[in-house]
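Structure, as structure tokens:
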Amino acid sequence: MRISIETAQQLDREDPLASFRERFIIPVQEGKEQVYFLGNSLGLQPTTTAGYIDKIMKDWANLGVESFFHAPEPWMHYHDHLVKTLSIVVGAKISEVVVMNQLTVNLHLMLVSFYRPAGKRFKIICEAKAFPSDQYAFETHVRHHGFDPEKAVIEVKPREGELTLRTEDIISVIQEHGEETALILFGGINYYTGQFFDLKSITAAGHAAGTVVGFDLAHAAGNVALQLHDWNVDFACWCSYKYLNSGPGAIGGAFIHEKHHGANLTRFAGWWGYDINTRFKMEKGFVPMPGAEGWQLSTPAIFLYAAHRAALEIVEAAGWDAIQEKRLKLNSFLWSLLEELDQETGGQQLRFITPREDQARGCQVSMLMLQNGKAVYDGLMKAGFIVDWREPDVIRFAPVPLYNSYTEVWNFVQALRGLLR
Ligand SMILES: Cc1ncc(COP(=O)(O)O)c(C=O)c1O
């Protein structure tokens, strides 16, 4: 017997985070709440965001530049409101986390500090089909150092007939190119396949080969549990508009392991990374702030800080462990339903790209549509299920723990079943 809607409804009744949905603005079309499954692309707007931004507007109106020091919550110290929760989300010490810029900018800044080709070592190892921004960043840094991207960028590809990477294959490429590799930079979760890589093992293999290891966590931060400090990851960066719900073009974040803080690494500097105690003396000679904050460049966008804070306070109120618990439960429920569907359709109509194992995925599911994919996608959208279409044949969607329900997941799979028929 199929899993029933009553099971979904019961799970919703028992869900300790069910009320958190009310803290978000759910999109409505023609009077009907949409089932929003694109938290992997742009997370929904918290109901508190506008109020937090408005406070900054008021500070600005009332005090002008004096707000940096004399607003009710001085802008100079606003960063402190962000890093505590964020450090829990990425598994870091507070001093290892900085909120600044946007993801691609931070990737470049991290490459300046951590891609330091020397002697035989000049290669970058990454996953095949890394997000385009990452590919362009690799290509241009490699050229900047005078190397040919064709020779310097080593992509790990899935085996023939497979869609995702095996950890053993990633490790064997690291071992093969180890002595010539300067940097390993993987996505935490690949944006296309939804595969969550084994960051701990990749880091350990990279270090054993004598290379630096970093991650682009765009699809992992706020989605899955991470332990960047304990895994000994050298650096990472992420965006906060997906699972961190901080708005379009939201301010990004970066992690730099504390073992590098005193290391006098090469970096591109700006005044906002200068030691806060003497910054306004405006003297020559860059003296960085201790920790990750020393990588900041510019006066921060306080409006973006405010939007980020509104979203992070929801994470804090829900509790990161509780969010992870629901994430696992909601996604196992989804996968049980998808497996039923897969059995019914005998693998003829769709093939799951995303691995099924808990530890190898987060919220996102990518489905390769073998027949009429675009029509199925259009049908889902028309019925109010907001998912994503990737040409030529992939549907991606991601139920998230803070605002999606078990009933939405059940209804989605039922709608998909109807459209496949
Ligand atoms: C994995 C990954 N890397 C990089 C980016 C680019 O981020 P941004 O446009 O914020 O620089 C994205 C955007 O979605 C992404 O998914």
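By order of appearance in the structure tokens: chains A, B, ..., then residues from 1 within every chain, and ligands from 1 in the order shown.
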* Asked: Could you list, as a ChimeraX atom specification, all the residues within 10 Å of ligand 1, counting only C-alpha atoms and all ligand atoms?
  -> /A:40-42,101-108,130-135,137,186-192,215-220,237-242,248-252
All helix (DSSP H, G or I) positions in range 22-131 of chain A, as an mmCIF file with C-alpha atoms, in the first residue's frame:
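Result file is result.cif:
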```cif
data_model
loop_
_atom_site.group_PDB
_atom_site.id
_atom_site.type_symbol
_atom_site.label_atom_id
_atom_site.label_comp_id
_atom_site.auth_asym_id
_atom_site.auth_seq_id
_atom_site.Cartn_x
_atom_site.Cartn_y
_atom_site.Cartn_z
ATOM 1 C CA GLU A 22 4.745 31.532 9.371
ATOM 2 C CA ARG A 23 7.986 33.469 9.622
ATOM 3 C CA THR A 49 13.441 41.359 6.810
ATOM 4 C CA ALA A 50 11.723 44.592 5.802
ATOM 5 C CA GLY A 51 11.604 45.739 9.445
ATOM 6 C CA TYR A 52 15.328 45.106 9.930
ATOM 7 C CA ILE A 53 16.148 47.043 6.775
ATOM 8 C CA ASP A 54 13.795 49.808 7.835
ATOM 9 C CA LYS A 55 15.716 50.213 11.101
ATOM 10 C CA ILE A 56 18.839 50.963 9.071
ATOM 11 C CA MET A 57 16.851 53.451 6.975
ATOM 12 C CA LYS A 58 15.781 55.181 10.195
ATOM 13 C CA ASP A 59 19.324 55.229 11.607
ATOM 14 C CA TRP A 60 20.531 56.752 8.365
ATOM 15 C CA ALA A 61 17.734 59.352 8.392
ATOM 16 C CA ASN A 62 18.222 60.269 12.030
ATOM 17 C CA LEU A 63 21.974 60.156 12.429
ATOM 18 C CA GLY A 64 23.603 59.967 9.020
ATOM 19 C CA VAL A 65 27.156 58.703 9.214
ATOM 20 C CA GLU A 66 27.069 58.947 13.011
ATOM 21 C CA SER A 67 25.106 55.680 12.860
ATOM 22 C CA PHE A 68 28.379 53.776 12.538
ATOM 23 C CA PHE A 69 29.086 54.586 16.173
ATOM 24 C CA HIS A 70 25.888 56.008 17.677
ATOM 25 C CA TRP A 75 26.803 49.757 12.449
ATOM 26 C CA MET A 76 30.480 49.341 13.367
ATOM 27 C CA HIS A 77 29.561 46.289 15.398
ATOM 28 C CA ASP A 80 28.979 40.695 15.509
ATOM 29 C CA HIS A 81 25.230 39.991 15.192
ATOM 30 C CA LEU A 82 25.862 37.672 12.244
ATOM 31 C CA VAL A 83 28.853 35.490 12.955
ATOM 32 C CA LYS A 84 27.687 33.549 15.998
ATOM 33 C CA THR A 85 24.840 31.715 14.256
ATOM 34 C CA LEU A 86 26.756 31.473 11.014
ATOM 35 C CA SER A 87 29.711 29.837 12.739
ATOM 36 C CA ILE A 88 27.353 27.156 14.107
ATOM 37 C CA VAL A 89 25.871 26.612 10.642
ATOM 38 C CA VAL A 90 29.270 26.008 9.015
ATOM 39 C CA ILE A 94 33.629 32.717 15.323
ATOM 40 C CA SER A 95 37.032 34.151 14.429
ATOM 41 C CA GLU A 96 37.151 31.902 11.354
ATOM 42 C CA LEU A 103 30.446 34.619 -3.529
ATOM 43 C CA THR A 104 32.407 35.030 -6.759
ATOM 44 C CA VAL A 105 34.312 37.983 -5.304
ATOM 45 C CA ASN A 106 35.180 35.932 -2.240
ATOM 46 C CA LEU A 107 36.242 32.996 -4.389
ATOM 47 C CA HIS A 108 38.715 35.298 -6.122
ATOM 48 C CA LEU A 109 39.998 36.670 -2.820
ATOM 49 C CA MET A 110 40.484 33.149 -1.487
ATOM 50 C CA LEU A 111 42.300 32.094 -4.659
ATOM 51 C CA VAL A 112 44.667 35.030 -4.226
ATOM 52 C CA SER A 113 45.573 33.736 -0.771
ATOM 53 C CA PHE A 114 45.368 29.990 -1.320
#
```
* To do: Please identify all polymer residues within 7 Å of range 406-421 of chain A, counting only C-alpha atoms, omitting same-chain residues fewer than 4 positions from it, and present them as a list of chain:residue names.
  => A:Ile5, A:Ala8, A:Gln9, A:Leu11, A:Asp12, A:Val35, A:Leu330, A:Leu334, A:Leu337, A:Leu338, A:Leu341, A:Val376, A:Gly379, A:Phe385
* Asked: How many Å separate CA of Gly119 in chain A from CA of Gly210 in chain A?
  -> 12.9 Å
Contact check, range 208-289 of chain A to range 156-177 of chain A, at most 12 Å, counting only C-alpha atoms, closest pairs as a Markdown table:
```
| residue | atom | partner | partner_atom | distance |
| --- | --- | --- | --- | --- |
| A:Ala208 | CA | A:Gln175 | CA | 8.7 |
| A:Ala209 | CA | A:Gln175 | CA | 6.6 |
| A:Gly210 | CA | A:Ile174 | CA | 10.1 |
| A:Thr211 | CA | A:Ile174 | CA | 9.2 |
| A:Val212 | CA | A:Ile174 | CA | 11.5 |
| A:Val213 | CA | A:Ile174 | CA | 10.9 |
```
Print the selection's residues with N, CA and C atoms to a file, as a JSON list (two decimals), in the first residue's frame.
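What landed in part.json:
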```
[["chain", "number", "residue", "atom", "x", "y", "z"],
["A", 208, "ALA", "N", 47.13, 15.04, 2.72],
["A", 208, "ALA", "CA", 48.13, 13.97, 2.62],
["A", 208, "ALA", "C", 49.00, 14.17, 1.37],
["A", 209, "ALA", "N", 48.40, 14.77, 0.33],
["A", 209, "ALA", "CA", 49.17, 15.03, -0.90],
["A", 209, "ALA", "C", 49.91, 16.38, -0.84],
["A", 210, "GLY", "N", 49.78, 17.06, 0.29],
["A", 210, "GLY", "CA", 50.53, 18.32, 0.47],
["A", 210, "GLY", "C", 49.88, 19.53, -0.18],
["A", 211, "THR", "N", 48.55, 19.45, -0.45],
["A", 211, "THR", "CA", 47.90, 20.60, -1.09],
["A", 211, "THR", "C", 46.93, 21.31, -0.13],
["A", 212, "VAL", "N", 46.55, 22.49, -0.55],
["A", 212, "VAL", "CA", 45.55, 23.27, 0.18],
["A", 212, "VAL", "C", 44.17, 22.80, -0.30],
["A", 213, "VAL", "N", 43.16, 22.83, 0.60],
["A", 213, "VAL", "CA", 41.82, 22.36, 0.23],
["A", 213, "VAL", "C", 40.76, 23.39, 0.63]]
```
* To do: Could you tell me, as a PyMOL selection string, which residues of range 36-124 of chain A DSSP assigns to strand (DSSP E or B) when given the backbone?
  => chain A and resi 36+38+46+97-99+118+121+123-124
Written selection (N, CA, C and O atoms) as an mmCIF file, in the first residue's frame:
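Saved to out-v1.cif:
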```cif
data_model
loop_
_atom_site.group_PDB
_atom_site.id
_atom_site.type_symbol
_atom_site.label_atom_id
_atom_site.label_comp_id
_atom_site.auth_asym_id
_atom_site.auth_seq_id
_atom_site.Cartn_x
_atom_site.Cartn_y
_atom_site.Cartn_z
ATOM 1 N N TYR A 36 6.598 26.206 -2.739
ATOM 2 C CA TYR A 36 7.879 26.763 -3.176
ATOM 3 C C TYR A 36 9.010 25.791 -2.849
ATOM 4 O O TYR A 36 9.370 25.620 -1.687
ATOM 5 N N LEU A 38 12.157 25.997 -4.243
ATOM 6 C CA LEU A 38 13.392 26.530 -4.824
ATOM 7 C C LEU A 38 14.281 27.238 -3.804
ATOM 8 O O LEU A 38 14.977 28.199 -4.129
ATOM 9 N N PRO A 46 11.946 36.269 4.830
ATOM 10 C CA PRO A 46 11.401 36.277 6.185
ATOM 11 C C PRO A 46 10.468 37.474 6.393
ATOM 12 O O PRO A 46 10.677 38.538 5.806
ATOM 13 N N VAL A 97 35.098 33.071 10.701
ATOM 14 C CA VAL A 97 34.024 33.399 9.760
ATOM 15 C C VAL A 97 33.967 34.905 9.528
ATOM 16 O O VAL A 97 34.075 35.690 10.465
ATOM 17 N N VAL A 98 33.785 35.287 8.274
ATOM 18 C CA VAL A 98 33.592 36.701 7.948
ATOM 19 C C VAL A 98 32.435 36.813 6.960
ATOM 20 O O VAL A 98 32.252 35.953 6.104
ATOM 21 N N VAL A 99 31.637 37.871 7.148
ATOM 22 C CA VAL A 99 30.528 38.142 6.230
ATOM 23 C C VAL A 99 30.964 39.327 5.372
ATOM 24 O O VAL A 99 31.250 40.404 5.899
ATOM 25 N N ALA A 118 53.831 26.893 -6.953
ATOM 26 C CA ALA A 118 55.270 27.016 -6.655
ATOM 27 C C ALA A 118 55.951 25.715 -7.044
ATOM 28 O O ALA A 118 55.386 24.628 -6.827
ATOM 29 N N ARG A 121 54.233 22.453 -8.304
ATOM 30 C CA ARG A 121 52.798 22.504 -7.981
ATOM 31 C C ARG A 121 52.100 23.686 -8.642
ATOM 32 O O ARG A 121 52.370 24.844 -8.313
ATOM 33 N N LYS A 123 48.633 22.842 -10.286
ATOM 34 C CA LYS A 123 47.305 22.393 -10.718
ATOM 35 C C LYS A 123 46.208 22.707 -9.689
ATOM 36 O O LYS A 123 46.480 22.805 -8.492
ATOM 37 N N ILE A 124 44.992 22.832 -10.214
ATOM 38 C CA ILE A 124 43.800 22.941 -9.362
ATOM 39 C C ILE A 124 42.931 21.718 -9.683
ATOM 40 O O ILE A 124 42.632 21.467 -10.853
#
```
* To do: Just give me the gap between CA of Phe37 in chain A and CA of Ala318 in chain A in Å, one decimal is fine.
  =>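 According to the coordinates, CA of Phe37 in chain A and CA of Ala318 in chain A are separated by 19.8 Å.
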Using only C-alpha atoms, which residues of range 160-258 of chain A come within 6 Å of range 354-368 of chain A, and what is the closest atom pair for each, with the distance in Å to one decimal? Give it as a tab-separated table, sorted by chain and residue number.
```
residue	atom	partner	partner_atom	distance
A:Thr193	CA	A:Thr354	CA	5.3
A:Gly194	CA	A:Thr354	CA	5.3
A:Gln195	CA	A:Arg361	CA	5.1
A:Phe196	CA	A:Ala360	CA	4.6
A:Val224	CA	A:Gly362	CA	5.7
```
* Shell around Lys329 in chain A at 10 Å using only C-alpha atoms, local window under 2 positions removed, as a list in words -> Leu11, Asp15, Ile323, Gln324, Glu325, Lys326, Arg327, Asn331, Ser332, Phe333, Leu334, Trp335, Asp358, Pro401 and Tyr406 of chain A
Quick one: write out the picked residues with all heavy atoms as a short mmCIF file (atom, residue, chain, number, x, y, z; two decimals), in the first residue's frame?
```
data_model
loop_
_atom_site.label_atom_id
_atom_site.label_comp_id
_atom_site.auth_asym_id
_atom_site.auth_seq_id
_atom_site.Cartn_x
_atom_site.Cartn_y
_atom_site.Cartn_z
N LEU A 11 2.81 13.65 10.21
CA LEU A 11 4.19 14.15 10.36
C LEU A 11 4.19 15.66 10.55
O LEU A 11 4.95 16.20 11.35
CB LEU A 11 5.04 13.75 9.15
CG LEU A 11 5.44 12.28 9.08
CD1 LEU A 11 5.95 11.91 7.68
CD2 LEU A 11 6.51 11.96 10.13
N ASP A 15 5.53 17.88 13.80
CA ASP A 15 6.76 18.61 13.44
C ASP A 15 7.00 19.80 14.39
O ASP A 15 6.23 20.76 14.39
CB ASP A 15 6.61 19.12 11.99
CG ASP A 15 7.75 20.03 11.57
OD1 ASP A 15 8.74 20.13 12.31
OD2 ASP A 15 7.63 20.65 10.50
N ILE A 323 16.82 21.99 12.94
CA ILE A 323 16.68 22.18 11.48
C ILE A 323 17.26 20.97 10.76
O ILE A 323 16.66 20.43 9.82
CB ILE A 323 17.37 23.49 11.03
CG1 ILE A 323 16.63 24.70 11.60
CG2 ILE A 323 17.44 23.58 9.50
CD1 ILE A 323 17.31 26.04 11.37
N GLN A 324 18.40 20.52 11.22
CA GLN A 324 19.03 19.34 10.58
C GLN A 324 18.18 18.09 10.76
O GLN A 324 18.06 17.27 9.86
CB GLN A 324 20.43 19.12 11.15
CG GLN A 324 21.47 20.03 10.55
CD GLN A 324 21.47 19.94 9.02
OE1 GLN A 324 21.64 18.89 8.43
NE2 GLN A 324 21.24 21.07 8.37
N GLU A 325 17.60 17.96 11.95
CA GLU A 325 16.75 16.79 12.20
C GLU A 325 15.57 16.77 11.23
O GLU A 325 15.26 15.76 10.61
CB GLU A 325 16.23 16.87 13.63
CG GLU A 325 16.15 15.55 14.32
CD GLU A 325 15.84 15.77 15.79
OE1 GLU A 325 16.78 16.13 16.56
OE2 GLU A 325 14.67 15.60 16.16
N LYS A 326 14.94 17.95 11.06
CA LYS A 326 13.79 17.99 10.14
C LYS A 326 14.25 17.81 8.69
O LYS A 326 13.57 17.16 7.89
CB LYS A 326 13.01 19.30 10.28
CG LYS A 326 11.85 19.34 9.27
CD LYS A 326 10.83 20.40 9.50
CE LYS A 326 9.82 20.41 8.34
NZ LYS A 326 8.99 21.61 8.31
N ARG A 327 15.37 18.37 8.37
CA ARG A 327 15.87 18.24 6.99
C ARG A 327 16.00 16.75 6.62
O ARG A 327 15.53 16.30 5.58
CB ARG A 327 17.24 18.92 6.88
CG ARG A 327 17.67 19.25 5.47
CD ARG A 327 18.81 18.44 4.91
NE ARG A 327 19.95 18.22 5.74
CZ ARG A 327 20.79 17.20 5.56
NH1 ARG A 327 20.57 16.32 4.60
NH2 ARG A 327 21.83 17.05 6.35
N ASN A 331 13.39 14.93 3.99
CA ASN A 331 13.98 14.40 2.76
C ASN A 331 13.91 12.88 2.69
O ASN A 331 13.76 12.33 1.60
CB ASN A 331 15.40 14.93 2.57
CG ASN A 331 15.37 16.37 2.11
OD1 ASN A 331 15.23 16.65 0.94
ND2 ASN A 331 15.39 17.31 3.04
N SER A 332 13.97 12.20 3.83
CA SER A 332 13.78 10.73 3.76
C SER A 332 12.35 10.43 3.37
O SER A 332 12.09 9.49 2.62
CB SER A 332 14.04 10.00 5.07
OG SER A 332 14.94 10.62 5.83
N PHE A 333 11.42 11.24 3.87
CA PHE A 333 10.01 11.05 3.50
C PHE A 333 9.85 11.24 1.99
O PHE A 333 9.25 10.41 1.30
CB PHE A 333 9.15 12.06 4.28
CG PHE A 333 7.68 11.92 4.01
CD1 PHE A 333 6.98 10.77 4.38
CD2 PHE A 333 6.98 12.95 3.39
CE1 PHE A 333 5.62 10.65 4.12
CE2 PHE A 333 5.62 12.82 3.13
CZ PHE A 333 4.93 11.68 3.49
N LEU A 334 10.45 12.31 1.48
CA LEU A 334 10.40 12.58 0.04
C LEU A 334 10.97 11.39 -0.74
O LEU A 334 10.37 10.91 -1.71
CB LEU A 334 11.20 13.85 -0.28
CG LEU A 334 11.53 14.11 -1.74
CD1 LEU A 334 10.26 14.38 -2.54
CD2 LEU A 334 12.48 15.30 -1.87
N TRP A 335 12.12 10.90 -0.31
CA TRP A 335 12.76 9.80 -1.06
C TRP A 335 11.96 8.50 -0.99
O TRP A 335 11.94 7.73 -1.94
CB TRP A 335 14.20 9.60 -0.60
CG TRP A 335 15.11 10.57 -1.30
CD1 TRP A 335 15.55 11.77 -0.82
CD2 TRP A 335 15.65 10.45 -2.63
NE1 TRP A 335 16.33 12.40 -1.76
CE2 TRP A 335 16.41 11.62 -2.88
CE3 TRP A 335 15.56 9.49 -3.63
CZ2 TRP A 335 17.08 11.84 -4.09
CZ3 TRP A 335 16.22 9.71 -4.83
CH2 TRP A 335 16.97 10.87 -5.05
N ASP A 358 21.56 9.42 2.67
CA ASP A 358 21.46 10.65 3.48
C ASP A 358 22.72 11.49 3.44
O ASP A 358 22.68 12.70 3.34
CB ASP A 358 21.20 10.29 4.95
CG ASP A 358 19.76 9.90 5.18
OD1 ASP A 358 18.93 10.14 4.29
OD2 ASP A 358 19.48 9.33 6.26
N PRO A 401 13.59 22.57 5.33
CA PRO A 401 12.94 22.36 6.62
C PRO A 401 12.27 23.59 7.23
O PRO A 401 11.30 23.43 7.97
CB PRO A 401 14.09 21.87 7.53
CG PRO A 401 15.36 22.19 6.81
CD PRO A 401 15.03 22.27 5.36
N TYR A 406 5.52 18.33 5.13
CA TYR A 406 5.42 16.95 4.63
C TYR A 406 4.24 16.83 3.66
O TYR A 406 4.32 16.11 2.67
CB TYR A 406 5.24 15.99 5.81
CG TYR A 406 6.44 15.93 6.73
CD1 TYR A 406 6.56 16.81 7.81
CD2 TYR A 406 7.47 15.02 6.51
CE1 TYR A 406 7.66 16.78 8.65
CE2 TYR A 406 8.58 14.97 7.34
CZ TYR A 406 8.67 15.86 8.41
OH TYR A 406 9.77 15.83 9.23
#
```
Skipping near chain neighbours, those fewer than 6 positions away, what residues fall within 12 Å of Lys93 in chain A using only C-alpha atoms, listed as a PDB file with N, CA and C atoms, in the first residue's frame?
```
ATOM      1  N   VAL A  83      27.881  36.587  13.030  1.00  0.00           N
ATOM      2  CA  VAL A  83      28.853  35.490  12.955  1.00  0.00           C
ATOM      3  C   VAL A  83      28.614  34.347  13.941  1.00  0.00           C
ATOM      4  N   LYS A  84      27.878  34.627  15.025  1.00  0.00           N
ATOM      5  CA  LYS A  84      27.687  33.549  15.998  1.00  0.00           C
ATOM      6  C   LYS A  84      26.857  32.411  15.368  1.00  0.00           C
ATOM      7  N   THR A  85      25.699  32.752  14.854  1.00  0.00           N
ATOM      8  CA  THR A  85      24.840  31.715  14.256  1.00  0.00           C
ATOM      9  C   THR A  85      25.509  31.103  13.025  1.00  0.00           C
ATOM     10  N   LEU A  86      26.114  31.963  12.234  1.00  0.00           N
ATOM     11  CA  LEU A  86      26.756  31.473  11.014  1.00  0.00           C
ATOM     12  C   LEU A  86      27.877  30.475  11.330  1.00  0.00           C
ATOM     13  N   SER A  87      28.610  30.736  12.402  1.00  0.00           N
ATOM     14  CA  SER A  87      29.711  29.837  12.739  1.00  0.00           C
ATOM     15  C   SER A  87      29.161  28.460  13.163  1.00  0.00           C
ATOM     16  N   GLN A 227      31.345  20.749   9.366  1.00  0.00           N
ATOM     17  CA  GLN A 227      32.298  20.873  10.489  1.00  0.00           C
ATOM     18  C   GLN A 227      33.613  21.378   9.926  1.00  0.00           C
ATOM     19  N   LEU A 228      33.600  22.563   9.363  1.00  0.00           N
ATOM     20  CA  LEU A 228      34.778  23.041   8.629  1.00  0.00           C
ATOM     21  C   LEU A 228      36.032  23.073   9.490  1.00  0.00           C
ATOM     22  N   HIS A 229      35.866  23.527  10.730  1.00  0.00           N
ATOM     23  CA  HIS A 229      37.056  23.611  11.593  1.00  0.00           C
ATOM     24  C   HIS A 229      37.617  22.217  11.877  1.00  0.00           C
ATOM     25  N   ASP A 230      36.748  21.338  12.346  1.00  0.00           N
ATOM     26  CA  ASP A 230      37.228  20.000  12.728  1.00  0.00           C
ATOM     27  C   ASP A 230      37.721  19.191  11.534  1.00  0.00           C
ATOM     28  N   ASN A 232      39.316  20.393   9.280  1.00  0.00           N
ATOM     29  CA  ASN A 232      40.610  20.986   8.921  1.00  0.00           C
ATOM     30  C   ASN A 232      40.643  21.587   7.515  1.00  0.00           C
ATOM     31  N   PHE A 255      35.102  31.375   5.209  1.00  0.00           N
ATOM     32  CA  PHE A 255      35.738  30.703   6.354  1.00  0.00           C
ATOM     33  C   PHE A 255      37.227  30.598   6.057  1.00  0.00           C
ATOM     34  N   ILE A 256      38.025  30.986   7.016  1.00  0.00           N
ATOM     35  CA  ILE A 256      39.471  30.777   6.879  1.00  0.00           C
ATOM     36  C   ILE A 256      39.930  30.111   8.176  1.00  0.00           C
ATOM     37  N   HIS A 257      40.467  28.915   8.030  1.00  0.00           N
ATOM     38  CA  HIS A 257      40.835  28.143   9.223  1.00  0.00           C
ATOM     39  C   HIS A 257      41.833  28.910  10.082  1.00  0.00           C
ATOM     40  N   GLU A 258      41.691  28.801  11.398  1.00  0.00           N
ATOM     41  CA  GLU A 258      42.525  29.625  12.284  1.00  0.00           C
ATOM     42  C   GLU A 258      44.018  29.319  12.143  1.00  0.00           C
ATOM     43  N   LYS A 259      44.326  28.121  11.623  1.00  0.00           N
ATOM     44  CA  LYS A 259      45.758  27.810  11.470  1.00  0.00           C
ATOM     45  C   LYS A 259      46.428  28.773  10.476  1.00  0.00           C
ATOM     46  N   GLY A 291      42.193  37.149  12.401  1.00  0.00           N
ATOM     47  CA  GLY A 291      41.132  36.245  11.965  1.00  0.00           C
ATOM     48  C   GLY A 291      40.613  36.569  10.575  1.00  0.00           C
ATOM     49  N   ALA A 292      39.487  35.912  10.253  1.00  0.00           N
ATOM     50  CA  ALA A 292      38.925  36.009   8.903  1.00  0.00           C
ATOM     51  C   ALA A 292      38.519  37.442   8.545  1.00  0.00           C
TER      52      ALA A 292
END
```
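In this model, the gap between CA of Phe280 in chain A and CA of Arg267 in chain A comes to 20.7 Å.
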